$ cat start_13.json   # JSON, C-alpha atoms
[["chain", "number", "residue", "atom", "x", "y", "z"],
["A", 1, "MET", "CA", 0.00, 0.00, 0.00],
["A", 2, "GLU", "CA", 1.55, 3.30, -0.99],
["A", 3, "CYS", "CA", -1.16, 5.81, -0.22],
["A", 4, "ILE", "CA", -3.29, 6.07, 2.89],
["A", 5, "GLU", "CA", -6.21, 8.44, 3.06],
["A", 6, "ILE", "CA", -5.57, 10.91, 5.82],
["A", 7, "ASN", "CA", -9.08, 11.25, 7.25],
["A", 8, "GLU", "CA", -9.49, 7.48, 7.23],
["A", 9, "ALA", "CA", -6.17, 7.09, 9.03],
["A", 10, "ILE", "CA", -7.21, 9.57, 11.72],
["A", 11, "PHE", "CA", -10.66, 8.07, 12.16],
["A", 12, "ASN", "CA", -9.38, 4.50, 12.40],
["A", 13, "GLU", "CA", -6.28, 5.49, 14.34],
["A", 14, "TYR", "CA", -4.10, 3.62, 11.92],
["A", 15, "ASN", "CA", -0.60, 2.86, 13.03],
["A", 16, "ILE", "CA", 1.27, 3.56, 9.83],
["A", 17, "GLY", "CA", 4.60, 1.95, 9.16],
["A", 18, "TYR", "CA", 7.17, 3.59, 6.95],
["A", 19, "LEU", "CA", 9.74, 1.07, 5.87],
["A", 20, "SER", "CA", 12.83, 2.79, 4.63],
["A", 21, "ASP", "CA", 14.73, 1.34, 1.76],
["A", 22, "LYS", "CA", 17.36, 4.04, 1.57],
["A", 23, "THR", "CA", 20.99, 3.09, 1.52],
["A", 24, "PHE", "CA", 21.75, 4.19, 5.06],
["A", 25, "SER", "CA", 18.57, 3.04, 6.70],
["A", 26, "ALA", "CA", 17.29, 0.06, 4.76],
["A", 27, "GLY", "CA", 15.05, -2.11, 6.87],
["A", 28, "ASN", "CA", 14.31, 0.51, 9.51],
["A", 29, "ILE", "CA", 10.67, 1.11, 10.20],
["A", 30, "LEU", "CA", 9.16, 4.27, 11.61],
["A", 31, "TYR", "CA", 5.66, 3.90, 13.01],
["A", 32, "PHE", "CA", 3.42, 6.91, 13.34],
["A", 33, "ARG", "CA", -0.20, 7.90, 13.79],
["A", 34, "ILE", "CA", -1.86, 10.96, 12.31],
["A", 35, "LEU", "CA", -3.41, 12.92, 15.14],
["A", 36, "GLU", "CA", -4.76, 15.94, 13.37],
["A", 37, "PHE", "CA", -5.17, 17.37, 9.91],
["A", 38, "LYS", "CA", -6.79, 20.75, 9.51],
["A", 39, "ALA", "CA", -6.77, 23.91, 7.48],
["A", 40, "ILE", "CA", -5.48, 26.89, 9.40],
["A", 41, "ASN", "CA", -5.76, 30.60, 8.95],
["A", 42, "TYR", "CA", -2.59, 32.49, 8.38],
["A", 43, "GLU", "CA", -3.53, 34.74, 11.28],
["A", 44, "GLU", "CA", -3.20, 31.80, 13.65],
["A", 45, "ILE", "CA", 0.50, 31.71, 13.00],
["A", 46, "ASP", "CA", 2.79, 33.39, 15.48],
["A", 47, "ASP", "CA", 4.84, 36.12, 13.89],
["A", 48, "PHE", "CA", 2.39, 36.31, 11.05],
["A", 49, "ASP", "CA", 3.56, 39.82, 10.25],
["A", 50, "LYS", "CA", 6.94, 38.44, 9.28],
["A", 51, "LEU", "CA", 5.26, 36.16, 6.80],
["A", 52, "SER", "CA", 2.63, 38.53, 5.54],
["A", 53, "LYS", "CA", 4.92, 39.98, 2.92],
["A", 54, "LYS", "CA", 5.03, 36.60, 1.24],
["A", 55, "ILE", "CA", 1.66, 35.06, 1.96],
["A", 56, "PRO", "CA", -0.54, 37.29, -0.25],
["A", 57, "LEU", "CA", 1.42, 36.10, -3.23],
["A", 58, "ILE", "CA", 0.34, 32.56, -2.75],
["A", 59, "MET", "CA", -2.84, 31.02, -3.97],
["A", 60, "GLY", "CA", -3.57, 28.08, -1.75],
["A", 61, "ARG", "CA", -4.69, 26.83, 1.62],
["A", 62, "LEU", "CA", -2.43, 26.19, 4.55],
["A", 63, "PHE", "CA", -2.85, 22.83, 6.28],
["A", 64, "MET", "CA", -1.35, 21.45, 9.44],
["A", 65, "VAL", "CA", -0.66, 17.77, 9.96],
["A", 66, "LYS", "CA", 0.22, 16.56, 13.43],
["A", 67, "ILE", "CA", 1.65, 13.10, 13.84],
["A", 68, "VAL", "CA", 2.87, 11.09, 16.79],
["A", 69, "ILE", "CA", 5.76, 8.73, 16.32],
["A", 70, "THR", "CA", 4.65, 5.57, 18.06],
["A", 71, "ASN", "CA", 7.98, 3.82, 18.21],
["A", 72, "ALA", "CA", 9.80, 6.90, 19.40],
["A", 73, "ASP", "CA", 12.01, 4.79, 21.63],
["A", 74, "LYS", "CA", 13.44, 3.20, 18.51],
["A", 75, "THR", "CA", 13.62, 6.21, 16.26],
["A", 76, "ILE", "CA", 16.83, 7.29, 17.87],
["A", 77, "ARG", "CA", 18.64, 4.45, 16.22],
["A", 78, "LEU", "CA", 17.57, 5.93, 12.89],
["A", 79, "ASN", "CA", 19.64, 8.99, 13.62],
["A", 80, "LEU", "CA", 22.62, 7.65, 11.78],
["A", 81, "PHE", "CA", 25.59, 9.92, 11.31],
["A", 82, "ASN", "CA", 24.01, 12.40, 13.68],
["A", 83, "PHE", "CA", 21.74, 13.54, 10.89],
["A", 84, "PRO", "CA", 18.28, 13.21, 12.41],
["A", 85, "SER", "CA", 16.34, 14.19, 9.37],
["A", 86, "TRP", "CA", 18.07, 11.79, 7.05],
["A", 87, "ASP", "CA", 15.67, 8.93, 7.44],
["A", 88, "ILE", "CA", 12.49, 10.54, 8.60],
["A", 89, "LYS", "CA", 12.89, 13.48, 6.36],
["A", 90, "PHE", "CA", 9.52, 15.16, 6.33],
["A", 91, "ASP", "CA", 11.29, 18.44, 6.63],
["A", 92, "GLY", "CA", 14.89, 17.92, 5.69],
["A", 93, "TYR", "CA", 16.94, 19.13, 2.81],
["A", 94, "GLY", "CA", 16.53, 17.74, -0.66],
["A", 95, "ASP", "CA", 13.56, 15.59, -1.46],
["A", 96, "GLU", "CA", 11.21, 14.69, 1.31],
["A", 97, "ASP", "CA", 10.37, 11.08, 2.08],
["A", 98, "LEU", "CA", 6.71, 11.51, 2.85],
["A", 99, "CYS", "CA", 4.23, 13.78, 1.21],
["A", 100, "ILE", "CA", 0.55, 14.52, 0.81],
["A", 101, "GLU", "CA", -0.94, 13.26, -2.40],
["A", 102, "ASP", "CA", -4.22, 14.22, -4.02],
["A", 103, "GLU", "CA", -6.59, 12.09, -6.10],
["A", 104, "GLU", "CA", -4.89, 13.11, -9.32],
["A", 105, "GLY", "CA", -1.49, 11.99, -8.10],
["A", 106, "PHE", "CA", -0.03, 15.45, -7.47],
["A", 107, "LYS", "CA", 2.41, 15.35, -4.58],
["A", 108, "TYR", "CA", 2.93, 18.09, -2.01],
["A", 109, "GLU", "CA", 5.91, 18.39, 0.29],
["A", 110, "THR", "CA", 5.89, 20.12, 3.63],
["A", 111, "ILE", "CA", 6.71, 23.80, 3.59],
["A", 112, "ASN", "CA", 8.21, 23.81, 7.09],
["A", 113, "GLN", "CA", 11.56, 24.65, 5.67],
["A", 114, "SER", "CA", 10.18, 27.51, 3.61],
["A", 115, "PHE", "CA", 8.61, 29.02, 6.67],
["A", 116, "HIS", "CA", 11.87, 28.64, 8.48],
["A", 117, "ASN", "CA", 13.54, 30.86, 5.92],
["A", 118, "TYR", "CA", 11.40, 33.80, 6.92],
["A", 119, "CYS", "CA", 10.35, 33.02, 10.42],
["A", 120, "PRO", "CA", 12.73, 31.04, 12.64],
["A", 121, "ILE", "CA", 10.36, 31.14, 15.60],
["A", 122, "PHE", "CA", 7.76, 29.36, 13.58],
["A", 123, "HIS", "CA", 10.30, 26.76, 12.62],
["A", 124, "ASN", "CA", 11.29, 26.11, 16.22],
["A", 125, "LYS", "CA", 7.72, 25.73, 17.28],
["A", 126, "TYR", "CA", 6.70, 23.27, 14.64],
["A", 127, "ASN", "CA", 9.84, 21.46, 13.67],
["A", 128, "LEU", "CA", 10.62, 19.30, 16.64],
["A", 129, "SER", "CA", 13.59, 17.03, 16.46],
["A", 130, "VAL", "CA", 13.04, 13.32, 16.21],
["A", 131, "GLY", "CA", 13.63, 11.25, 19.29],
["A", 132, "ALA", "CA", 12.09, 9.75, 22.38],
["A", 133, "ASN", "CA", 11.58, 13.15, 23.96],
["A", 134, "ASN", "CA", 9.77, 14.61, 21.00],
["A", 135, "PRO", "CA", 7.49, 12.02, 19.45],
["A", 136, "ILE", "CA", 4.94, 14.58, 18.20],
["A", 137, "ARG", "CA", 5.78, 16.50, 15.09],
["A", 138, "THR", "CA", 3.82, 19.10, 13.17],
["A", 139, "PHE", "CA", 4.12, 19.81, 9.48],
["A", 140, "MET", "CA", 2.66, 22.52, 7.34],
["A", 141, "PHE", "CA", 1.50, 22.04, 3.78],
["A", 142, "LEU", "CA", 0.30, 24.46, 1.16],
["A", 143, "LEU", "CA", -2.42, 22.81, -0.90],
["A", 144, "PRO", "CA", -4.50, 24.03, -3.85],
["A", 145, "ASN", "CA", -7.94, 25.54, -3.37],
["A", 146, "GLU", "CA", -9.85, 22.50, -4.54],
["A", 147, "ASP", "CA", -11.71, 19.57, -3.11],
["A", 148, "SER", "CA", -9.94, 16.26, -3.21],
["A", 149, "LYS", "CA", -9.37, 13.26, -1.03],
["A", 150, "LEU", "CA", -5.91, 13.58, 0.42],
["A", 151, "PHE", "CA", -3.48, 10.81, 1.17],
["A", 152, "ILE", "CA", -0.21, 10.30, 2.98],
["A", 153, "GLY", "CA", 2.12, 9.06, 0.29],
["A", 154, "LEU", "CA", 5.73, 8.51, -0.54],
["A", 155, "ASN", "CA", 7.68, 11.10, -2.43],
["A", 156, "ASN", "CA", 10.29, 8.65, -3.58],
["A", 157, "ILE", "CA", 10.51, 4.99, -4.40],
["A", 158, "ALA", "CA", 12.95, 4.09, -1.64],
["A", 159, "GLY", "CA", 10.46, 2.86, 0.89],
["A", 160, "ARG", "CA", 7.01, 1.57, 1.58],
["A", 161, "LEU", "CA", 4.01, 2.57, 3.64],
["A", 162, "SER", "CA", 1.78, 0.07, 5.36],
["A", 163, "ILE", "CA", -0.94, -0.09, 7.96],
["A", 164, "SER", "CA", 0.25, -1.98, 10.99],
["A", 165, "ASN", "CA", -1.92, -3.94, 13.39],
["A", 166, "ASP", "CA", 0.62, -3.54, 16.19],
["B", 167, "MET", "CA", 14.01, 25.31, -37.21],
["B", 168, "ASP", "CA", 14.82, 28.49, -35.33],
["B", 169, "GLU", "CA", 13.97, 28.61, -31.66],
["B", 170, "ILE", "CA", 10.71, 30.31, -30.85],
["B", 171, "LYS", "CA", 11.07, 33.74, -29.28],
["B", 172, "PHE", "CA", 8.27, 35.75, -27.75],
["B", 173, "PRO", "CA", 8.46, 39.56, -27.53],
["B", 174, "ILE", "CA", 8.26, 40.42, -23.85],
["B", 175, "ASN", "CA", 6.40, 43.72, -24.11],
["B", 176, "GLN", "CA", 3.74, 42.10, -26.25],
["B", 177, "LEU", "CA", 3.31, 39.26, -23.76],
["B", 178, "ILE", "CA", 2.86, 41.76, -20.94],
["B", 179, "ASN", "CA", 0.45, 43.98, -22.83],
["B", 180, "GLN", "CA", -1.70, 41.10, -24.02],
["B", 181, "GLU", "CA", -1.48, 39.31, -20.64],
["B", 182, "ASP", "CA", -0.60, 36.11, -22.46],
["B", 183, "TRP", "CA", 0.22, 32.91, -20.62],
["B", 184, "LEU", "CA", 3.06, 30.70, -21.75],
["B", 185, "GLU", "CA", 3.73, 27.03, -21.13],
["B", 186, "MET", "CA", 7.14, 25.48, -20.77],
["B", 187, "PHE", "CA", 7.23, 21.75, -21.32],
["B", 188, "MET", "CA", 10.38, 19.87, -20.44],
["B", 189, "PRO", "CA", 10.43, 16.16, -21.33],
["B", 190, "LYS", "CA", 13.21, 15.45, -18.84],
["B", 191, "ASP", "CA", 14.59, 17.44, -15.96],
["B", 192, "MET", "CA", 17.91, 16.46, -14.33],
["B", 193, "PHE", "CA", 16.15, 13.57, -12.58],
["B", 194, "GLY", "CA", 14.53, 12.35, -15.78],
["B", 195, "ASN", "CA", 11.08, 13.59, -14.84],
["B", 196, "GLU", "CA", 8.65, 15.48, -17.06],
["B", 197, "CYS", "CA", 7.99, 19.11, -16.13],
["B", 198, "LEU", "CA", 5.24, 21.49, -17.12],
["B", 199, "PHE", "CA", 5.06, 25.13, -16.04],
["B", 200, "ARG", "CA", 2.49, 27.75, -16.99],
["B", 201, "PHE", "CA", 3.50, 31.35, -16.48],
["B", 202, "GLN", "CA", 2.63, 34.93, -17.24],
["B", 203, "ILE", "CA", 5.09, 37.81, -17.35],
["B", 204, "LYS", "CA", 3.85, 40.58, -15.08],
["B", 205, "SER", "CA", 6.65, 43.07, -15.50],
["B", 206, "PHE", "CA", 10.09, 43.52, -16.98],
["B", 207, "GLN", "CA", 11.80, 46.55, -15.53],
["B", 208, "GLU", "CA", 15.13, 47.92, -14.53],
["B", 209, "ILE", "CA", 15.74, 48.11, -10.81],
["B", 210, "ASP", "CA", 17.38, 50.86, -8.86],
["B", 211, "LYS", "CA", 20.83, 49.54, -8.03],
["B", 212, "SER", "CA", 21.21, 51.97, -5.13],
["B", 213, "LYS", "CA", 18.70, 49.78, -3.26],
["B", 214, "LEU", "CA", 20.99, 46.77, -3.47],
["B", 215, "ALA", "CA", 23.61, 45.97, -0.88],
["B", 216, "LEU", "CA", 26.32, 45.86, -3.51],
["B", 217, "GLU", "CA", 29.04, 46.52, -0.94],
["B", 218, "LYS", "CA", 28.59, 42.90, 0.14],
["B", 219, "LEU", "CA", 29.99, 41.78, -3.17],
["B", 220, "LYS", "CA", 33.71, 41.19, -3.52],
["B", 221, "ASN", "CA", 33.55, 41.96, -7.20],
["B", 222, "LYS", "CA", 30.66, 44.22, -8.01],
["B", 223, "MET", "CA", 32.13, 45.51, -11.22],
["B", 224, "PHE", "CA", 30.07, 43.19, -13.39],
["B", 225, "LEU", "CA", 26.87, 44.53, -11.88],
["B", 226, "GLU", "CA", 27.98, 48.13, -12.42],
["B", 227, "GLN", "CA", 28.61, 47.55, -16.09],
["B", 228, "GLY", "CA", 25.05, 46.88, -17.07],
["B", 229, "LYS", "CA", 21.45, 47.33, -16.03],
["B", 230, "ILE", "CA", 19.75, 44.84, -13.75],
["B", 231, "ILE", "CA", 16.37, 43.79, -15.00],
["B", 232, "LEU", "CA", 13.77, 42.30, -12.73],
["B", 233, "LEU", "CA", 11.46, 39.87, -14.48],
["B", 234, "THR", "CA", 8.37, 39.24, -12.36],
["B", 235, "ILE", "CA", 6.14, 36.37, -13.30],
["B", 236, "ASP", "CA", 3.15, 34.45, -12.01],
["B", 237, "ILE", "CA", 3.87, 30.77, -12.33],
["B", 238, "THR", "CA", 2.05, 27.52, -11.71],
["B", 239, "ASN", "CA", 3.89, 24.22, -11.58],
["B", 240, "LEU", "CA", 1.67, 21.73, -13.40],
["B", 241, "SER", "CA", 4.10, 18.86, -12.87],
["B", 242, "GLN", "CA", 2.98, 16.21, -10.42],
["B", 243, "ARG", "CA", 5.80, 16.95, -8.00],
["B", 244, "ALA", "CA", 7.39, 20.00, -6.45],
["B", 245, "LYS", "CA", 10.13, 21.45, -8.64],
["B", 246, "GLN", "CA", 13.07, 23.58, -7.75],
["B", 247, "LYS", "CA", 12.66, 27.10, -9.05],
["B", 248, "GLY", "CA", 16.01, 26.64, -10.76],
["B", 249, "THR", "CA", 14.55, 23.89, -12.94],
["B", 250, "PHE", "CA", 12.50, 26.61, -14.60],
["B", 251, "TYR", "CA", 14.99, 29.42, -14.20],
["B", 252, "ARG", "CA", 17.88, 27.61, -15.89],
["B", 253, "GLU", "CA", 15.92, 27.09, -19.10],
["B", 254, "ILE", "CA", 14.98, 30.72, -19.67],
["B", 255, "ILE", "CA", 17.00, 33.17, -21.72],
["B", 256, "ILE", "CA", 16.36, 36.76, -22.69],
["B", 257, "SER", "CA", 17.61, 37.91, -26.07],
["B", 258, "ASP", "CA", 17.85, 41.37, -27.58],
["B", 259, "SER", "CA", 16.90, 42.53, -31.07],
["B", 260, "GLU", "CA", 20.42, 41.80, -32.34],
["B", 261, "GLY", "CA", 20.21, 38.18, -31.24],
["B", 262, "PHE", "CA", 22.45, 38.41, -28.16],
["B", 263, "SER", "CA", 21.26, 36.08, -25.41],
["B", 264, "PHE", "CA", 21.41, 36.54, -21.66],
["B", 265, "GLU", "CA", 20.91, 34.03, -18.89],
["B", 266, "GLY", "CA", 19.41, 34.76, -15.49],
["B", 267, "SER", "CA", 21.70, 35.80, -12.70],
["B", 268, "ILE", "CA", 21.49, 33.83, -9.48],
["B", 269, "ASN", "CA", 23.15, 36.13, -7.04],
["B", 270, "GLU", "CA", 22.77, 36.21, -3.29],
["B", 271, "VAL", "CA", 22.55, 40.00, -3.13],
["B", 272, "LEU", "CA", 19.81, 40.06, -5.72],
["B", 273, "CYS", "CA", 17.87, 37.08, -4.41],
["B", 274, "SER", "CA", 17.89, 38.38, -0.83],
["B", 275, "SER", "CA", 17.00, 41.94, -1.85],
["B", 276, "GLU", "CA", 13.66, 43.64, -1.40],
["B", 277, "PHE", "CA", 12.96, 42.98, -5.07],
["B", 278, "SER", "CA", 12.76, 39.24, -4.63],
["B", 279, "THR", "CA", 9.25, 38.10, -3.81],
["B", 280, "ASP", "CA", 9.89, 34.38, -3.73],
["B", 281, "PHE", "CA", 8.22, 32.43, -0.99],
["B", 282, "SER", "CA", 10.21, 29.28, -1.51],
["B", 283, "PHE", "CA", 12.82, 27.86, -3.81],
["B", 284, "LYS", "CA", 10.40, 25.08, -4.60],
["B", 285, "LEU", "CA", 7.40, 25.43, -6.84],
["B", 286, "ILE", "CA", 4.49, 23.56, -5.32],
["B", 287, "PRO", "CA", 2.18, 21.73, -7.78],
["B", 288, "LYS", "CA", -1.00, 23.55, -8.82],
["B", 289, "ILE", "CA", -0.25, 26.57, -6.62],
["B", 290, "LYS", "CA", 0.11, 29.84, -8.45],
["B", 291, "THR", "CA", 2.86, 31.98, -7.02],
["B", 292, "GLU", "CA", 4.86, 35.02, -7.94],
["B", 293, "THR", "CA", 8.52, 34.61, -8.61],
["B", 294, "THR", "CA", 11.31, 36.93, -9.66],
["B", 295, "LEU", "CA", 14.23, 36.43, -11.99],
["B", 296, "PHE", "CA", 17.15, 38.78, -12.43],
["B", 297, "PHE", "CA", 19.01, 39.50, -15.65],
["B", 298, "LEU", "CA", 22.08, 41.61, -16.21],
["B", 299, "LEU", "CA", 21.71, 43.33, -19.59],
["B", 300, "PRO", "CA", 23.83, 45.89, -21.45],
["B", 301, "ASN", "CA", 23.10, 49.57, -20.97],
["B", 302, "GLU", "CA", 21.33, 50.06, -24.27],
["B", 303, "ASP", "CA", 17.82, 50.27, -25.59],
["B", 304, "SER", "CA", 16.40, 47.23, -27.32],
["B", 305, "ASP", "CA", 13.34, 45.12, -27.68],
["B", 306, "TYR", "CA", 13.67, 41.94, -25.66],
["B", 307, "PHE", "CA", 12.46, 38.42, -26.25],
["B", 308, "ILE", "CA", 12.03, 35.36, -24.08],
["B", 309, "SER", "CA", 12.94, 31.88, -25.24],
["B", 310, "ILE", "CA", 14.40, 28.55, -24.15],
["B", 311, "LYS", "CA", 18.09, 27.84, -23.81],
["B", 312, "ASN", "CA", 19.38, 24.86, -25.79],
["B", 313, "SER", "CA", 15.87, 23.94, -26.79],
["B", 314, "LYS", "CA", 17.14, 21.72, -29.60],
["B", 315, "LEU", "CA", 19.30, 19.73, -27.20],
["B", 316, "THR", "CA", 16.82, 19.34, -24.39],
["B", 317, "ASP", "CA", 13.69, 19.32, -26.50],
["B", 318, "THR", "CA", 12.17, 21.76, -24.05],
["B", 319, "LYS", "CA", 9.34, 23.72, -25.63],
["B", 320, "LEU", "CA", 7.90, 27.15, -25.01],
["B", 321, "ARG", "CA", 4.44, 27.85, -26.36],
["B", 322, "LEU", "CA", 1.42, 30.04, -25.81],
["B", 323, "ALA", "CA", -0.93, 28.47, -23.29]]
$ encode --input "start_13.json" --output "structure tokens"
Amino acid sequence: MECIEINEAIFNEYNIGYLSDKTFSAGNILYFRILEFKAINYEEIDDFDKLSKKIPLIMGRLFMVKIVITNADKTIRLNLFNFPSWDIKFDGYGDEDLCIEDEEGFKYETINQSFHNYCPIFHNKYNLSVGANNPIRTFMFLLPNEDSKLFIGLNNIAGRLSISND
Amino acid sequence: MDEIKFPINQLINQEDWLEMFMPKDMFGNECLFRFQIKSFQEIDKSKLALEKLKNKMFLEQGKIILLTIDITNLSQRAKQKGTFYREIIISDSEGFSFEGSINEVLCSSEFSTDFSFKLIPKIKTETTLFFLLPNEDSDYFISIKNSKLTDTKLRLA
């Protein structure tokens, strides 16, 4: 299974497994649950004034996804080479591992990093480091103004998503 | 066949939209962008922090043109702005061609309106490109660099 509908995952409290197949982390599995997925108003963002110069230029809706890493005790071992975002790279540099996908197959990456460029405080608030002490992470997405079912999907082919019964 | 060039002033006046289709980006993926040129104007260099540059001579020798466009990434994945930027060239009426200038001083200036270096699918956004052009009057045209090699196409949307 490569795409899991977000609302269904929240409603059924799916424990989602992300099996990494990347060179440095092949075989590692990150389990997470989606806690919340909602559209937010720009005004709800702290330091909105710092972003306001950029926001009016964008045609889209801002969404927040909150997940809890359910095997947080084991995620630390994924932090190979002291590069925490390497394996669970929702918000790292380069291509992201996980994404939101719409019904037409368009893929959307988190914009956490983009926000960080203009508003470090926002970044600190929402971009928690991975580890046993911080199992909850929040990611922002900018999605088109249209109705579509939305899915958690993979942004690359080096991995697999599954629903776990654990 | 000669590469297709579009006169910039005409595109702005007629509010035309263009499409750039790239069969393969550097990762081998298809790209499609739709964009509209909003403005093409010289910027006031006194508003740039040119003193930060070790060698600012090249910027002093010409005029810096700010090309402002609305763009929508119609590819199925996010694309780096550079994927689009690298393909664009501006040419003058004598056939001289000029590539965009990716310069920290320019990109971090008040003239840059970019939200992100990535273009999110389906989301229309404004982006800015900078060109260093000679200090002379000319009509200018937009086209694709190496279009015969890459098979990248520019067409009216």
$ interface_residues --input "start_13.json" --of "chain B" --to "chain A" --cutoff "8 Å" --atoms "all atoms listed in the file" --output "list in words"
Ser241, Gln242, Arg243, Ala244, Thr279, Asp280, Phe281, Ser282, Phe283, Ile286, Pro287, Lys288, Ile289, Lys290, Thr291 and Glu292 of chain B
$ atom_distance --input "start_13.json" --atom1 "atom CA of Met192 of chain B" --atom2 "atom CA of Asn239 of chain B"
16.3 Å
$ closest_residue --input "start_13.json" --among "A:Leu62, A:Ile163, A:Ile100, A:Ile34" --to "Met140 of chain A" --atoms "all atoms listed in the file"
A:Leu62
$ closest_residue --input "start_13.json" --among "B:Ile178, B:Leu214, B:Ile231, B:Leu320" --to "Ile254 of chain B" --atoms "all atoms listed in the file"
B:Leu320
$ atom_distance --input "start_13.json" --atom1 "atom CA of Glu276 of chain B" --atom2 "atom CA of Ala215 of chain B"
10.2 Å
$ closest_residue --input "start_13.json" --among "B:Ser309, B:Asn301, B:Thr294, B:Thr234" --to "Ile256 of chain B" --atoms "only C-alpha atoms"
B:Ser309
$ residues_around --input "start_13.json" --residues "Phe296 of chain B" --least-positions-apart "3" --cutoff "10 Å" --atoms "all atoms listed in the file" --output "list in words"
Phe206, Gln207, Glu208, Ile209, Ile230, Ile231, Leu232, Leu233, Thr234, Tyr251, Glu265, Gly266, Ser267, Ile268, Asn269, Leu272, Cys273, Phe277, Ser278 and Leu299 of chain B
$ write_last_selection --input "start_13.json" --atoms "C-alpha atoms" --output "PDB file, keeping the file's coordinate frame"
ATOM      1  CA  PHE B 206      10.090  43.520 -16.980  1.00  0.00           C
ATOM      2  CA  GLN B 207      11.800  46.550 -15.530  1.00  0.00           C
ATOM      3  CA  GLU B 208      15.130  47.920 -14.530  1.00  0.00           C
ATOM      4  CA  ILE B 209      15.740  48.110 -10.810  1.00  0.00           C
ATOM      5  CA  ILE B 230      19.750  44.840 -13.750  1.00  0.00           C
ATOM      6  CA  ILE B 231      16.370  43.790 -15.000  1.00  0.00           C
ATOM      7  CA  LEU B 232      13.770  42.300 -12.730  1.00  0.00           C
ATOM      8  CA  LEU B 233      11.460  39.870 -14.480  1.00  0.00           C
ATOM      9  CA  THR B 234       8.370  39.240 -12.360  1.00  0.00           C
ATOM     10  CA  TYR B 251      14.990  29.420 -14.200  1.00  0.00           C
ATOM     11  CA  GLU B 265      20.910  34.030 -18.890  1.00  0.00           C
ATOM     12  CA  GLY B 266      19.410  34.760 -15.490  1.00  0.00           C
ATOM     13  CA  SER B 267      21.700  35.800 -12.700  1.00  0.00           C
ATOM     14  CA  ILE B 268      21.490  33.830  -9.480  1.00  0.00           C
ATOM     15  CA  ASN B 269      23.150  36.130  -7.040  1.00  0.00           C
ATOM     16  CA  LEU B 272      19.810  40.060  -5.720  1.00  0.00           C
ATOM     17  CA  CYS B 273      17.870  37.080  -4.410  1.00  0.00           C
ATOM     18  CA  PHE B 277      12.960  42.980  -5.070  1.00  0.00           C
ATOM     19  CA  SER B 278      12.760  39.240  -4.630  1.00  0.00           C
ATOM     20  CA  LEU B 299      21.710  43.330 -19.590  1.00  0.00           C
TER      21      LEU B 299
END
$ residues_near_point --input "start_13.json" --point "(4.8, 37.8, -22.1)" --cutoff "10 Å" --atoms "only C-alpha atoms" --output "list in words"
Phe172, Pro173, Ile174, Asn175, Gln176, Leu177, Ile178, Asn179, Gln180, Glu181, Asp182, Trp183, Leu184, Phe201, Gln202, Ile203, Lys204, Ser205, Phe206, Ile235, Phe307, Ile308 and Leu322 of chain B
$ atom_distance --input "start_13.json" --atom1 "atom CA of Phe139 of chain A" --atom2 "atom CA of Asn7 of chain A"
15.9 Å
$ closest_residue --input "start_13.json" --among "A:Met64, A:Cys3, A:Ile136, A:Ile10" --to "Leu154 of chain A" --atoms "all atoms listed in the file"
A:Cys3
